[in-house]
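Engineer: Just dropping this structure here.
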Amino acid sequence: NHLDLTTREALAMALNEFEGTVMLVSHDRALLRSVCDDFWLVGDGQVKPFEGDLDDYQRYLLDVAKAKREAAAAGVAASQPVAQAEAPRVNQAQARRDQAAKRQALAAVLKPHQKALAAAEKTIAEAEAERERLNAQLMASPTPAEIADIGRRLKQLDDDVEAAEMAWLEASETIETLSAQAEA
């Protein structure tokens, strides 16, 4: 089954942001095109690099099938695979590697800003939760000293939220700017 568009996009984004190595086996060509930097040929008891893209792989399979048909017609066993050098286009493979390197470089540049964005969001969420808790305490008829403490804490939370919102805005703008520059 092919993934729906939203699931595929989410998976592709997660895989492209991942800084490690992943071996992906899938029949979903759109997913493979969006995330794979290198392809490997598995067959005839071997695993070896495939210098090409999915279109090159399809041509390779057609060439192998053609060679087997021709060998069968000639009465020769077609156990030998077609030489890989016939099918792939190295320039397409290099272009995919270059694109992958650009994506990885952009991800590395964006990572600290994305972390700052997430930290700001966490600070805001925690402050909102504490503000709700403090407002509930105010409804419970606290003493004047407790009201003063709650008021000071609410003021501090307002300051914290304001600083976190500024940090969030700066990180968002930086991410947008860097992403736009990378696309240009």
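Lettering and numbering for the structure tokens are positional, with chains as A, B, ... in the shown order, residues counted from 1 in each chain, and ligands counted from 1 in the shown order.
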Which neighbours of Glu130 in chain A fall inside 12 Å, counting only C-alpha atoms, when residues of the same chain fewer than 2 positions from it are skipped, and could you give them as a PyMOL selection string?

Structural biologist: chain A and resi 123-128+132-137+150+153-158+160-161

Engineer: Residues near Leu32 in chain A, anyone? I mean within 12 Å using only C-alpha atoms, not counting same-chain ones fewer than 2 positions away, as a PyMOL selection string.

Structural biologist: chain A and resi 2-3+8-9+11-12+15-16+22-30+34-39+53-55+96

Engineer: Please build the interface table for range 58-163 of chain A against range 170-173 of chain A with a cut-off of 10 Å, listing for each qualifying residue the nearest atom pair and the distance in Å to one decimal; count only C-alpha atoms, order rows by chain and increasing number, and write it as a tab-separated table.

Structural biologist:
residue	atom	partner	partner_atom	distance
A:Leu110	CA	A:Ala171	CA	9.2
A:Pro112	CA	A:Ala171	CA	8.9
A:His113	CA	A:Ala171	CA	5.2
A:Gln114	CA	A:Ala171	CA	7.0
A:Lys115	CA	A:Ala171	CA	8.8
A:Ala116	CA	A:Ala171	CA	6.4
A:Leu117	CA	A:Ala171	CA	5.7
A:Ala118	CA	A:Ala171	CA	9.4
A:Ala120	CA	A:Ala171	CA	9.1

Engineer: Between A:Leu106, A:Glu162, A:Phe18, A:Ala95, which has the minimum distance to Glu176 in chain A (counting only C-alpha atoms)?

Structural biologist: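 Among the listed residues, A:Leu106 lies closest to Glu176 in chain A.
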
Engineer: From the DSSP assignment of the backbone, select every residue of range 21-152 of chain A that is helix (DSSP H, G or I), and format the answer as JSON, numbers by chain.

Structural biologist: {"A": [29, 30, 31, 32, 33, 34, 35, 54, 55, 56, 57, 58, 59, 60, 61, 62, 63, 64, 65, 66, 67, 68, 69, 70, 71, 72, 73, 84, 85, 86, 90, 91, 92, 93, 94, 95, 96, 97, 98, 99, 100, 101, 102, 103, 104, 105, 106, 107, 108, 109, 110, 111, 112, 113, 114, 115, 116, 117, 118, 119, 120, 121, 122, 123, 124, 125, 126, 127, 128, 129, 130, 131, 132, 133, 134, 135, 136, 137, 138, 139, 144, 145, 146, 147, 148, 149, 150, 151, 152]}

Engineer: So that I can check the surroundings of Asn91 in chain A, please list as a ChimeraX atom specification every protein, DNA and RNA residue that reaches within 12 Å of it, counting only C-alpha atoms and ignoring chain neighbours fewer than 5 positions away.

Structural biologist: /A:51-53,56,96-98

Engineer: Can you write out the residues you just picked, keeping N, CA, C and O atoms, as a PDB file, in the first residue's frame?

Structural biologist:
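Once written, result_0.pdb looks like this:
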ATOM      1  N   GLU A  51      24.668   3.114  -8.843  1.00  0.00           N
ATOM      2  CA  GLU A  51      24.942   4.501  -9.215  1.00  0.00           C
ATOM      3  C   GLU A  51      23.871   4.996 -10.175  1.00  0.00           C
ATOM      4  O   GLU A  51      24.027   4.955 -11.382  1.00  0.00           O
ATOM      5  N   GLY A  52      22.782   5.438  -9.633  1.00  0.00           N
ATOM      6  CA  GLY A  52      21.697   5.943 -10.458  1.00  0.00           C
ATOM      7  C   GLY A  52      20.494   6.238  -9.590  1.00  0.00           C
ATOM      8  O   GLY A  52      20.539   6.120  -8.366  1.00  0.00           O
ATOM      9  N   ASP A  53      19.391   6.607 -10.248  1.00  0.00           N
ATOM     10  CA  ASP A  53      18.165   6.900  -9.523  1.00  0.00           C
ATOM     11  C   ASP A  53      17.117   5.833  -9.829  1.00  0.00           C
ATOM     12  O   ASP A  53      17.429   4.799 -10.431  1.00  0.00           O
ATOM     13  N   ASP A  56      16.773   5.047 -13.496  1.00  0.00           N
ATOM     14  CA  ASP A  56      17.893   4.217 -13.948  1.00  0.00           C
ATOM     15  C   ASP A  56      17.680   2.763 -13.531  1.00  0.00           C
ATOM     16  O   ASP A  56      17.979   1.834 -14.274  1.00  0.00           O
ATOM     17  N   ARG A  96      21.670  13.941  -7.208  1.00  0.00           N
ATOM     18  CA  ARG A  96      20.926  13.549  -6.006  1.00  0.00           C
ATOM     19  C   ARG A  96      21.806  13.681  -4.764  1.00  0.00           C
ATOM     20  O   ARG A  96      21.357  14.130  -3.724  1.00  0.00           O
ATOM     21  N   ARG A  97      23.083  13.305  -4.893  1.00  0.00           N
ATOM     22  CA  ARG A  97      24.000  13.445  -3.756  1.00  0.00           C
ATOM     23  C   ARG A  97      24.178  14.913  -3.388  1.00  0.00           C
ATOM     24  O   ARG A  97      24.223  15.273  -2.207  1.00  0.00           O
ATOM     25  N   ASP A  98      24.290  15.764  -4.407  1.00  0.00           N
ATOM     26  CA  ASP A  98      24.435  17.202  -4.164  1.00  0.00           C
ATOM     27  C   ASP A  98      23.199  17.757  -3.455  1.00  0.00           C
ATOM     28  O   ASP A  98      23.317  18.553  -2.519  1.00  0.00           O
TER      29      ASP A  98
END

Engineer: Could you tell me how far CA of Thr21 in chain A lies from CA of Thr177 in chain A, in Å and to one decimal?

Structural biologist: 27.9 Å

Engineer: Residues near Lys48 in chain A, anyone? I mean within 12 Å using only C-alpha atoms, not counting same-chain ones fewer than 5 positions away, as a PyMOL selection string.

Structural biologist: chain A and resi 38-43+84

Engineer: Would you list, as a list in words, the residues of chain A that end up in strand (DSSP E) under DSSP run on this structure's backbone?

Structural biologist: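 Reading the DSSP output for chain A, strand (DSSP E) covers Phe39, Trp40, Leu41, Val42, Gly43, Gln46, Val47, Lys48, Pro49 and Phe50 of chain A.
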
Engineer: Please indicate the distance in Å from CA of Thr6 in chain A to CA of Ala184 in chain A, rounded to one decimal place.

Structural biologist: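 Interatomic distance, CA of Thr6 in chain A to CA of Ala184 in chain A: 25.2 Å.
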
Engineer: For Gly151 in chain A, which of A:Asp44, A:Ala72, A:Leu138, A:Thr7 is the closest residue, counting only C-alpha atoms?

Structural biologist: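 Closest candidate: A:Leu138.
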
Engineer: Find the distance between CA of Ala182 in chain A and CA of Ala105 in chain A and write it in Å to one decimal.

Structural biologist: 9.6 Å
